[in-house]
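Trainee: Below is the file input.tsv, which contains TSV, C-alpha atoms.
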```tsv
chain	number	residue	atom	x	y	z
A	1	MET	CA	175.62	53.04	115.33
A	2	ASN	CA	172.00	54.06	114.90
A	3	SER	CA	171.41	57.01	112.63
A	4	MET	CA	168.99	59.68	113.75
A	5	THR	CA	166.84	61.89	111.51
A	6	PRO	CA	167.53	65.57	112.23
A	7	GLN	CA	164.61	67.24	113.95
A	8	GLY	CA	165.79	70.81	113.52
A	9	PHE	CA	165.19	73.36	110.79
A	10	VAL	CA	165.09	72.03	107.24
A	11	PRO	CA	165.27	74.75	104.59
A	12	PRO	CA	162.23	74.69	102.29
A	13	PRO	CA	162.74	74.63	98.51
A	14	TYR	CA	163.77	78.05	97.25
A	15	PRO	CA	160.61	79.38	95.57
A	16	TYR	CA	162.08	80.28	92.20
A	17	ASP	CA	163.79	76.89	91.86
A	18	ARG	CA	160.30	75.43	91.55
A	19	LEU	CA	159.91	77.15	88.18
A	20	ASP	CA	162.51	74.89	86.59
A	21	ARG	CA	159.82	72.39	85.63
A	22	LEU	CA	158.28	75.01	83.32
A	23	ARG	CA	161.53	76.11	81.71
A	24	HIS	CA	161.68	73.28	79.17
A	25	HIS	CA	158.48	74.61	77.57
A	26	ALA	CA	160.03	78.02	77.03
A	27	ASP	CA	163.32	76.54	75.87
A	28	ARG	CA	161.60	75.26	72.73
A	29	PHE	CA	161.46	78.78	71.27
A	30	SER	CA	164.34	79.70	69.00
A	31	GLY	CA	164.62	83.08	70.68
A	32	GLY	CA	164.99	81.46	74.07
A	33	VAL	CA	163.25	81.96	77.39
A	34	ILE	CA	161.81	85.36	78.25
A	35	ASP	CA	162.33	85.23	81.99
A	36	LEU	CA	160.02	87.62	83.83
A	37	SER	CA	159.97	85.60	87.06
A	38	ILE	CA	162.82	87.03	89.15
A	39	GLY	CA	163.22	90.77	89.63
A	40	THR	CA	166.90	90.84	88.67
A	41	PRO	CA	167.96	94.05	86.89
A	42	PHE	CA	168.67	93.84	83.17
A	43	ASP	CA	170.01	97.32	82.38
A	44	PRO	CA	173.63	98.38	82.92
A	45	PRO	CA	174.62	100.70	85.77
A	46	ALA	CA	176.03	104.10	84.94
A	47	ALA	CA	179.58	104.05	83.57
A	48	SER	CA	180.69	106.41	86.32
A	49	VAL	CA	179.55	103.89	88.93
A	50	VAL	CA	181.48	101.06	87.28
A	51	ALA	CA	184.55	103.30	87.10
A	52	ALA	CA	184.28	104.02	90.81
A	53	LEU	CA	184.27	100.28	91.53
A	54	ALA	CA	187.57	99.92	89.73
A	55	THR	CA	189.45	103.02	90.86
A	56	SER	CA	188.67	103.66	94.54
A	57	GLY	CA	191.69	101.82	95.95
A	58	ALA	CA	189.42	100.82	98.83
A	59	GLU	CA	190.01	97.11	98.34
A	60	ARG	CA	193.24	97.19	100.36
A	61	GLY	CA	191.86	97.61	103.85
A	62	TYR	CA	188.85	96.62	105.88
A	63	PRO	CA	185.86	98.85	105.12
A	64	PRO	CA	183.82	100.39	107.95
A	65	SER	CA	180.91	98.12	108.77
A	66	ILE	CA	178.62	101.08	109.45
A	67	GLY	CA	179.48	102.50	106.04
A	68	SER	CA	181.98	105.18	105.13
A	69	GLU	CA	181.22	108.78	106.00
A	70	ALA	CA	181.07	109.46	102.26
A	71	LEU	CA	178.46	106.75	101.69
A	72	ARG	CA	176.29	107.79	104.62
A	73	SER	CA	176.53	111.44	103.57
A	74	ALA	CA	175.46	110.51	100.04
A	75	ALA	CA	172.50	108.60	101.49
A	76	ALA	CA	171.55	111.65	103.57
A	77	ARG	CA	171.76	113.91	100.52
A	78	TRP	CA	169.60	111.53	98.51
A	79	MET	CA	166.91	111.35	101.22
A	80	ASP	CA	166.89	115.14	101.43
A	81	ARG	CA	166.45	115.46	97.66
A	82	ARG	CA	163.94	112.68	97.24
A	83	PHE	CA	161.82	113.01	100.41
A	84	ALA	CA	162.78	116.38	101.90
A	85	VAL	CA	163.83	114.69	105.15
A	86	ASP	CA	166.91	115.62	107.14
A	87	VAL	CA	168.53	112.51	108.62
A	88	PRO	CA	171.89	112.87	110.41
A	89	ILE	CA	174.54	110.47	109.17
A	90	SER	CA	174.79	109.09	112.71
A	91	ALA	CA	171.31	107.64	112.09
A	92	ILE	CA	172.32	105.96	108.81
A	93	ALA	CA	174.22	102.68	108.37
A	94	ALA	CA	175.18	100.41	105.50
A	95	CYS	CA	174.09	96.84	104.90
A	96	VAL	CA	175.20	94.21	102.41
A	97	GLY	CA	172.12	94.44	100.25
A	98	SER	CA	168.63	94.88	101.66
A	99	LYS	CA	167.72	91.17	101.72
A	100	GLU	CA	170.37	90.29	104.29
A	101	PHE	CA	169.06	93.07	106.52
A	102	VAL	CA	165.49	91.81	106.16
A	103	VAL	CA	166.51	88.27	107.07
A	104	THR	CA	168.97	89.03	109.89
A	105	ALA	CA	167.31	91.98	111.67
A	106	PRO	CA	164.92	89.77	113.69
A	107	GLN	CA	167.90	87.87	115.15
A	108	TRP	CA	169.52	91.05	116.44
A	109	LEU	CA	166.25	92.55	117.68
A	110	ARG	CA	165.45	89.32	119.53
A	111	LEU	CA	168.75	89.67	121.44
A	112	ARG	CA	167.69	93.21	122.37
A	113	SER	CA	164.15	92.19	123.42
A	114	PRO	CA	164.22	88.47	124.32
A	115	GLU	CA	160.75	88.66	125.90
A	116	ARG	CA	159.23	89.30	122.46
A	117	ASP	CA	159.00	86.55	119.85
A	118	THR	CA	156.70	87.67	117.04
A	119	VAL	CA	157.47	89.29	113.69
A	120	LEU	CA	154.51	90.87	111.90
A	121	PHE	CA	154.64	91.25	108.12
A	122	PRO	CA	152.26	91.68	105.16
A	123	ALA	CA	150.25	88.57	104.33
A	124	VAL	CA	151.10	88.99	100.64
A	125	ALA	CA	154.81	89.72	100.56
A	126	TYR	CA	158.30	88.83	99.49
A	127	PRO	CA	159.08	85.58	101.38
A	128	SER	CA	162.16	86.91	103.20
A	129	TYR	CA	160.14	88.62	105.93
A	130	GLU	CA	158.72	85.29	107.02
A	131	MET	CA	162.05	83.48	106.58
A	132	GLY	CA	163.86	86.07	108.70
A	133	ALA	CA	161.42	85.43	111.53
A	134	THR	CA	161.80	81.67	111.17
A	135	LEU	CA	165.60	81.79	111.19
A	136	ALA	CA	165.50	83.93	114.34
A	137	GLY	CA	163.32	81.34	116.10
A	138	CYS	CA	160.38	83.75	116.11
A	139	ARG	CA	156.71	83.42	115.28
A	140	ALA	CA	156.01	84.74	111.79
A	141	VAL	CA	152.53	86.29	111.80
A	142	PRO	CA	151.09	87.61	108.51
A	143	VAL	CA	148.86	90.70	108.65
A	144	PRO	CA	146.09	90.91	106.03
A	145	SER	CA	145.40	93.92	103.87
A	146	THR	CA	142.24	95.96	103.61
A	147	ALA	CA	140.27	96.21	100.37
A	148	ASP	CA	142.33	99.34	99.62
A	149	GLY	CA	145.55	97.34	99.71
A	150	VAL	CA	146.98	98.77	102.95
A	151	MET	CA	147.94	96.70	105.94
A	152	ASP	CA	144.96	96.09	108.22
A	153	LEU	CA	146.56	97.07	111.52
A	154	GLY	CA	143.24	96.59	113.29
A	155	ALA	CA	143.44	92.87	112.48
A	156	ILE	CA	146.50	92.39	114.72
A	157	SER	CA	145.40	90.63	117.89
A	158	ALA	CA	146.18	91.94	121.35
A	159	ASP	CA	148.36	88.90	122.03
A	160	ASP	CA	150.37	89.35	118.84
A	161	THR	CA	150.76	93.05	119.60
A	162	ALA	CA	152.09	92.31	123.09
A	163	ARG	CA	154.56	89.77	121.70
A	164	ALA	CA	155.59	91.79	118.64
A	165	LEU	CA	159.30	92.18	118.11
A	166	ALA	CA	158.85	94.23	114.93
A	167	LEU	CA	156.34	95.14	112.26
A	168	TRP	CA	157.47	95.05	108.63
A	169	VAL	CA	155.82	97.28	106.06
A	170	ASN	CA	156.71	97.33	102.36
A	171	SER	CA	155.77	100.26	100.15
A	172	PRO	CA	155.69	100.13	97.16
A	173	ALA	CA	154.99	96.49	97.86
A	174	ASN	CA	156.54	93.44	96.28
A	175	PRO	CA	154.67	91.79	94.59
A	176	SER	CA	151.51	93.91	94.43
A	177	GLY	CA	152.91	97.40	93.95
A	178	GLU	CA	150.46	98.74	96.54
A	179	LEU	CA	151.36	101.84	98.55
A	180	ASP	CA	150.90	101.37	102.28
A	181	ASP	CA	149.78	103.92	104.84
A	182	LEU	CA	153.15	104.72	106.41
A	183	VAL	CA	151.64	107.36	108.72
A	184	ALA	CA	149.35	104.74	110.25
A	185	ALA	CA	152.14	102.17	110.53
A	186	ALA	CA	154.47	104.58	112.34
A	187	ALA	CA	151.69	105.64	114.71
A	188	TRP	CA	150.76	102.01	115.48
A	189	GLY	CA	154.36	101.14	116.29
A	190	ARG	CA	154.84	104.13	118.60
A	191	THR	CA	151.56	103.48	120.37
A	192	HIS	CA	152.51	99.87	121.11
A	193	GLY	CA	156.27	100.26	121.52
A	194	VAL	CA	157.00	98.07	118.50
A	195	PRO	CA	159.78	98.99	116.03
A	196	VAL	CA	158.43	99.49	112.52
A	197	LEU	CA	160.79	98.41	109.74
A	198	SER	CA	159.80	99.98	106.43
A	199	ASP	CA	161.16	98.30	103.30
A	200	GLU	CA	161.17	101.10	100.74
A	201	CYS	CA	163.49	99.62	98.12
A	202	TYR	CA	161.16	100.49	95.23
A	203	ALA	CA	160.45	104.05	96.33
A	204	GLU	CA	162.07	105.51	93.21
A	205	PHE	CA	159.50	103.62	91.14
A	206	THR	CA	156.37	105.14	92.66
A	207	TRP	CA	153.82	105.86	89.93
A	208	ASP	CA	150.85	107.15	91.95
A	209	GLY	CA	152.05	110.39	93.52
A	210	PRO	CA	155.49	111.24	94.90
A	211	ALA	CA	157.91	108.78	96.48
A	212	ARG	CA	157.32	108.37	100.21
A	213	THR	CA	159.29	107.27	103.27
A	214	ILE	CA	158.21	106.50	106.80
A	215	LEU	CA	160.91	108.92	107.95
A	216	GLU	CA	158.76	111.84	106.80
A	217	HIS	CA	156.78	111.24	109.97
A	218	GLY	CA	159.73	111.34	112.38
A	219	LEU	CA	162.58	108.99	113.25
A	220	GLU	CA	161.30	107.68	116.59
A	221	GLY	CA	160.74	103.92	116.59
A	222	VAL	CA	161.10	103.46	112.83
A	223	ILE	CA	163.73	102.36	110.35
A	224	ALA	CA	163.59	102.81	106.57
A	225	LEU	CA	165.48	100.37	104.37
A	226	HIS	CA	166.74	101.42	100.94
A	227	SER	CA	168.67	99.65	98.22
A	228	LEU	CA	170.56	100.55	95.08
A	229	SER	CA	169.92	97.14	93.49
A	230	LYS	CA	166.98	98.31	91.39
A	231	ARG	CA	167.41	102.09	91.59
A	232	SER	CA	170.91	101.93	90.11
A	233	ASN	CA	171.01	98.40	88.60
A	234	LEU	CA	173.55	97.25	91.19
A	235	ALA	CA	171.99	94.05	92.50
A	236	GLY	CA	175.30	92.23	92.10
A	237	ALA	CA	177.18	94.82	94.15
A	238	ARG	CA	174.87	94.56	97.22
A	239	VAL	CA	174.52	98.24	98.17
A	240	ALA	CA	171.88	99.19	100.71
A	241	PHE	CA	171.43	101.25	103.85
A	242	TYR	CA	169.03	101.65	106.75
A	243	ALA	CA	168.16	104.88	108.51
A	244	GLY	CA	165.90	106.12	111.26
A	245	ASP	CA	165.66	105.90	115.03
A	246	PRO	CA	169.18	106.80	116.27
A	247	GLU	CA	169.14	104.28	119.13
A	248	LEU	CA	167.94	101.43	116.91
A	249	VAL	CA	170.43	102.24	114.16
A	250	HIS	CA	173.27	102.42	116.68
A	251	TYR	CA	172.30	99.12	118.30
A	252	LEU	CA	171.98	97.26	115.01
A	253	SER	CA	175.18	98.71	113.58
A	254	GLU	CA	177.14	97.71	116.70
A	255	VAL	CA	175.84	94.13	116.57
A	256	ARG	CA	176.52	93.90	112.86
A	257	LYS	CA	180.06	95.20	113.45
A	258	HIS	CA	180.76	92.21	115.71
A	259	VAL	CA	179.33	89.84	113.10
A	260	GLY	CA	181.65	91.29	110.47
A	261	MET	CA	178.94	92.45	108.09
A	262	MET	CA	180.82	94.85	105.83
A	263	MET	CA	179.95	96.19	102.42
A	264	PRO	CA	183.20	95.98	100.39
A	265	GLY	CA	185.13	99.22	100.16
A	266	PRO	CA	185.02	99.59	96.36
A	267	VAL	CA	181.27	98.96	96.48
A	268	GLN	CA	180.86	101.74	99.04
A	269	ALA	CA	182.73	104.10	96.72
A	270	ALA	CA	180.49	103.12	93.83
A	271	GLY	CA	177.44	103.63	96.04
A	272	VAL	CA	178.41	107.25	96.63
A	273	VAL	CA	178.48	107.93	92.88
A	274	ALA	CA	175.22	106.07	92.30
A	275	LEU	CA	173.33	107.84	95.08
A	276	ASP	CA	174.33	111.22	93.67
A	277	ASP	CA	173.15	110.28	90.15
A	278	ASP	CA	169.46	111.14	89.76
A	279	ALA	CA	169.60	111.33	85.96
A	280	GLN	CA	170.26	107.60	85.61
A	281	VAL	CA	167.27	106.88	87.85
A	282	ALA	CA	165.01	109.07	85.73
A	283	GLU	CA	166.06	107.06	82.67
A	284	GLN	CA	165.35	103.80	84.50
A	285	ARG	CA	161.90	105.03	85.54
A	286	ASP	CA	161.08	105.72	81.89
A	287	ARG	CA	162.24	102.24	80.90
A	288	TYR	CA	160.08	100.54	83.50
A	289	ARG	CA	157.01	102.61	82.66
A	290	GLU	CA	157.32	101.64	79.00
A	291	ARG	CA	157.86	97.96	79.81
A	292	LEU	CA	154.98	97.81	82.29
A	293	ASP	CA	152.59	99.20	79.72
A	294	ALA	CA	153.88	96.95	76.92
A	295	ALA	CA	153.80	93.76	79.00
A	296	ALA	CA	150.35	94.54	80.40
A	297	ARG	CA	149.03	95.15	76.89
A	298	ALA	CA	150.52	91.93	75.47
A	299	ILE	CA	149.37	89.64	78.28
A	300	SER	CA	145.95	91.31	78.56
A	301	GLN	CA	145.22	90.79	74.87
A	302	TRP	CA	146.31	87.15	75.05
A	303	SER	CA	144.61	86.24	78.33
A	304	GLU	CA	141.57	88.56	78.14
A	305	ILE	CA	142.42	89.70	81.68
A	306	ASP	CA	142.39	93.43	82.39
A	307	ILE	CA	145.88	94.17	83.77
A	308	ALA	CA	146.55	97.62	85.20
A	309	ARG	CA	149.84	99.37	85.86
A	310	PRO	CA	150.72	99.09	89.58
A	311	ALA	CA	150.83	102.04	91.96
A	312	GLY	CA	154.55	101.40	92.36
A	313	GLY	CA	157.34	98.98	91.50
A	314	PHE	CA	158.01	97.18	88.24
A	315	TYR	CA	155.79	94.13	88.65
A	316	LEU	CA	152.43	93.36	87.13
A	317	TRP	CA	150.27	91.60	89.70
A	318	PHE	CA	146.88	90.21	88.76
A	319	ARG	CA	144.38	87.47	89.55
A	320	VAL	CA	144.27	84.50	87.17
A	321	GLY	CA	142.57	81.68	89.09
A	322	ASP	CA	144.93	78.69	88.88
A	323	ALA	CA	148.31	80.43	88.94
A	324	TRP	CA	150.42	77.38	88.07
A	325	GLU	CA	148.15	76.52	85.14
A	326	PHE	CA	148.41	80.11	83.89
A	327	ALA	CA	152.20	80.12	84.26
A	328	GLU	CA	152.51	76.85	82.38
A	329	ARG	CA	150.28	78.06	79.56
A	330	LEU	CA	152.31	81.27	79.25
A	331	ALA	CA	155.51	79.20	79.09
A	332	ILE	CA	154.06	76.94	76.39
A	333	GLU	CA	152.48	79.66	74.23
A	334	GLY	CA	154.83	82.56	74.88
A	335	GLY	CA	158.10	81.02	76.03
A	336	CYS	CA	157.84	83.21	79.13
A	337	LEU	CA	158.39	82.46	82.81
A	338	VAL	CA	156.42	84.30	85.51
A	339	SER	CA	155.99	83.71	89.24
A	340	PRO	CA	152.88	82.02	90.70
A	341	GLY	CA	151.41	84.01	93.56
A	342	GLU	CA	151.86	81.33	96.20
A	343	PHE	CA	155.54	82.33	96.33
A	344	TYR	CA	154.31	85.43	98.16
A	345	GLY	CA	151.89	83.87	100.62
A	346	GLU	CA	148.90	81.57	100.81
A	347	ALA	CA	146.57	84.56	100.35
A	348	ALA	CA	147.96	85.05	96.84
A	349	ARG	CA	147.61	81.60	95.32
A	350	ASP	CA	145.29	82.88	92.58
A	351	HIS	CA	147.65	85.63	91.35
A	352	VAL	CA	150.79	85.79	89.22
A	353	ARG	CA	153.67	88.28	89.26
A	354	VAL	CA	155.34	89.51	86.08
A	355	ALA	CA	158.69	91.30	86.51
A	356	VAL	CA	159.39	93.59	83.55
A	357	VAL	CA	163.15	93.13	83.84
A	358	THR	CA	164.13	92.65	80.24
A	359	SER	CA	164.43	94.86	77.18
A	360	ILE	CA	161.42	96.34	75.43
A	361	GLU	CA	162.49	94.30	72.41
A	362	ARG	CA	162.07	91.05	74.37
A	363	ILE	CA	158.67	92.17	75.63
A	364	ASP	CA	157.69	92.98	72.04
A	365	LEU	CA	158.86	89.48	71.12
A	366	LEU	CA	156.56	88.08	73.81
A	367	ALA	CA	153.68	90.05	72.28
A	368	THR	CA	154.50	88.59	68.86
A	369	ARG	CA	154.58	85.05	70.23
A	370	LEU	CA	151.30	85.46	72.08
A	371	SER	CA	149.60	86.90	69.02
A	372	GLY	CA	150.55	83.79	67.03
A	373	GLY	CA	153.60	85.15	65.22
A	374	GLY	CA	156.04	83.07	67.24
A	375	ASP	CA	159.71	82.29	66.79
A	376	ARG	CA	159.62	78.55	67.37
```
In structure tokens, what does this structure look like?

Mentor:
Amino acid sequence: MNSMTPQGFVPPPYPYDRLDRLRHHADRFSGGVIDLSIGTPFDPPAASVVAALATSGAERGYPPSIGSEALRSAAARWMDRRFAVDVPISAIAACVGSKEFVVTAPQWLRLRSPERDTVLFPAVAYPSYEMGATLAGCRAVPVPSTADGVMDLGAISADDTARALALWVNSPANPSGELDDLVAAAAWGRTHGVPVLSDECYAEFTWDGPARTILEHGLEGVIALHSLSKRSNLAGARVAFYAGDPELVHYLSEVRKHVGMMMPGPVQAAGVVALDDDAQVAEQRDRYRERLDAAARAISQWSEIDIARPAGGFYLWFRVGDAWEFAERLAIEGGCLVSPGEFYGEAARDHVRVAVVTSIERIDLLATRLSGGGDR
């Protein structure tokens, strides 16, 4: 029997797996690797949230796919407190972490609008926007930014506009921390009849001005996506929700119900407690501010590159020239792993991203290593 080479989709290497070749350099330090490559939370969630995970009794039955009334009500209360927007719980639904929503939404929207085949997303962005389009059999079309760091909506061609299934915006942005013009994005989508999906998972960590949501400008034609992974240090629990246009939320929640996408019951109970806890978020904001400043200071002094605090998020994002060479040098001299910019698009090959997701003591250790003190 003749074997045939598959001609279908072949998953590309997962970006962060490519950093393994640098890890052996950092492993040589007695204090171990300082891993600032992946944005995985370091700090513990609130004790009350952990207690809710263990005591809800919700593990016995199937949880509601759309999210419990308690969870959706907590999300509505949080949006009212944080953004002063009133969203009915019928326009809010749960998802199993924000990444799965990002990656699967194009599939469900394509079923709704089969005549459209294009997903628009920021040219410098978390890779899941592009992968979601690819897995849905859609065209993934990156949209460049202006010099001010906002999406250049005027650069979208007439053909891409006519074929657009959805437009993704991300503010504060991963990796750059830029704040996008959500008013302009919502207006563009309504003008062209294109749903605008606004990934706002880092909204609590907005440093330049107040936190913003696209829902401040009305619910029609837009969906905001929020997550408790970073806000409440619950990345392992997979707690997120989407809210906005009632018809879109209803459609997506009904499709997802058939797929069996359900946030576990105990996790939903924990999410209620976490969403109502603003004090823990204030503490986390202070931690990230301190770490951003300390990491920027340490790497700036070592590299002689002026690194500024971002407008939002907990990543340092700066131009270095040869990103892989910079990352390797930082691993050799500081025992630290960071992400080369090409992980976030071809337009970012000369940048690196530094995620300040470790203790201030570890960042101080990095400063000591880079200043020649070392712990080899």

Trainee: So that each row is one residue of range 163-257 of chain A with an atom at most 10 Å from range 114-125 of chain A, can you give its shortest atom pair and the distance in Å to one decimal, using all atoms listed in the file, rows by chain and rising number, as a Markdown table?

Mentor:
```
| residue | atom | partner | partner_atom | distance |
| --- | --- | --- | --- | --- |
| A:Arg163 | CA | A:Arg116 | CA | 4.8 |
| A:Ala164 | CA | A:Thr118 | CA | 4.6 |
| A:Leu165 | CA | A:Arg116 | CA | 5.2 |
| A:Ala166 | CA | A:Val119 | CA | 5.3 |
| A:Leu167 | CA | A:Leu120 | CA | 4.7 |
| A:Trp168 | CA | A:Phe121 | CA | 4.8 |
| A:Val169 | CA | A:Phe121 | CA | 6.5 |
| A:Asn170 | CA | A:Pro122 | CA | 7.7 |
| A:Ala173 | CA | A:Ala125 | CA | 7.3 |
| A:Asn174 | CA | A:Ala125 | CA | 5.9 |
| A:Pro175 | CA | A:Ala125 | CA | 6.3 |
| A:Ser176 | CA | A:Val124 | CA | 7.9 |
| A:Val194 | CA | A:Arg116 | CA | 9.9 |
| A:Val196 | CA | A:Leu120 | CA | 9.5 |
| A:Leu197 | CA | A:Phe121 | CA | 9.6 |
```

Trainee: Kindly save the residues from that selection, with C-alpha atoms included, as an mmCIF file, keeping the file's coordinate frame.

Mentor:
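Generated file (out-v4.cif):
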```cif
data_model
loop_
_atom_site.group_PDB
_atom_site.id
_atom_site.type_symbol
_atom_site.label_atom_id
_atom_site.label_comp_id
_atom_site.auth_asym_id
_atom_site.auth_seq_id
_atom_site.Cartn_x
_atom_site.Cartn_y
_atom_site.Cartn_z
ATOM 1 C CA ARG A 163 154.560 89.770 121.700
ATOM 2 C CA ALA A 164 155.590 91.790 118.640
ATOM 3 C CA LEU A 165 159.300 92.180 118.110
ATOM 4 C CA ALA A 166 158.850 94.230 114.930
ATOM 5 C CA LEU A 167 156.340 95.140 112.260
ATOM 6 C CA TRP A 168 157.470 95.050 108.630
ATOM 7 C CA VAL A 169 155.820 97.280 106.060
ATOM 8 C CA ASN A 170 156.710 97.330 102.360
ATOM 9 C CA ALA A 173 154.990 96.490 97.860
ATOM 10 C CA ASN A 174 156.540 93.440 96.280
ATOM 11 C CA PRO A 175 154.670 91.790 94.590
ATOM 12 C CA SER A 176 151.510 93.910 94.430
ATOM 13 C CA VAL A 194 157.000 98.070 118.500
ATOM 14 C CA VAL A 196 158.430 99.490 112.520
ATOM 15 C CA LEU A 197 160.790 98.410 109.740
#
```

Trainee: Using only C-alpha atoms, can you list as a ChimeraX atom specification the residues within 6 Å of (149.3, 90.3, 75.8)?

Mentor: /A:297-302,367

Trainee: So the first atom is CA of Ala70 in chain A and the second is CA of Val102 in chain A; what is the distance between them in Å, to one decimal place?

Mentor: 23.9 Å

Trainee: Within 9 Å of Leu234 in chain A, counting only C-alpha atoms, which residues show up once you throw out same-chain ones fewer than 6 positions away? Write them as a PyMOL selection string, please.

Mentor: chain A and resi 41+44-45+227-228+271

Trainee: Give me a file of those residues, with C-alpha atoms, as a compact mmCIF listing (two decimals), keeping the file's coordinate frame.

Mentor:
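Okay, selection-v5.txt is ready:
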```txt
# COMPACT_ATOMS: atom_id res chain seq x y z
CA PRO A 41 167.96 94.05 86.89
CA PRO A 44 173.63 98.38 82.92
CA PRO A 45 174.62 100.70 85.77
CA SER A 227 168.67 99.65 98.22
CA LEU A 228 170.56 100.55 95.08
CA GLY A 271 177.44 103.63 96.04
```

Trainee: Pick the closest to Ile363 in chain A from A:Gly312, A:Asp293, A:Glu216, A:Asp152: which is it, counting all atoms listed in the file?

Mentor: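 Result for the nearest residue to Ile363 in chain A: A:Asp293.
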
Trainee: May I have the protein, DNA and RNA residues with any atom at most 9 Å from the point (155.7, 81.2, 69.1), counting only C-alpha atoms, written as a ChimeraX atom specification?

Mentor: /A:29-30,332-335,366,368-376

Trainee: For each of A:Cys138, A:Leu275, A:Ala184, A:Ala133, take the minimum atom-to-atom distance to Arg77 in chain A, counting all atoms listed in the file, then give the residue where this is smallest.

Mentor: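 Under the stated criterion, the closest residue is A:Leu275.
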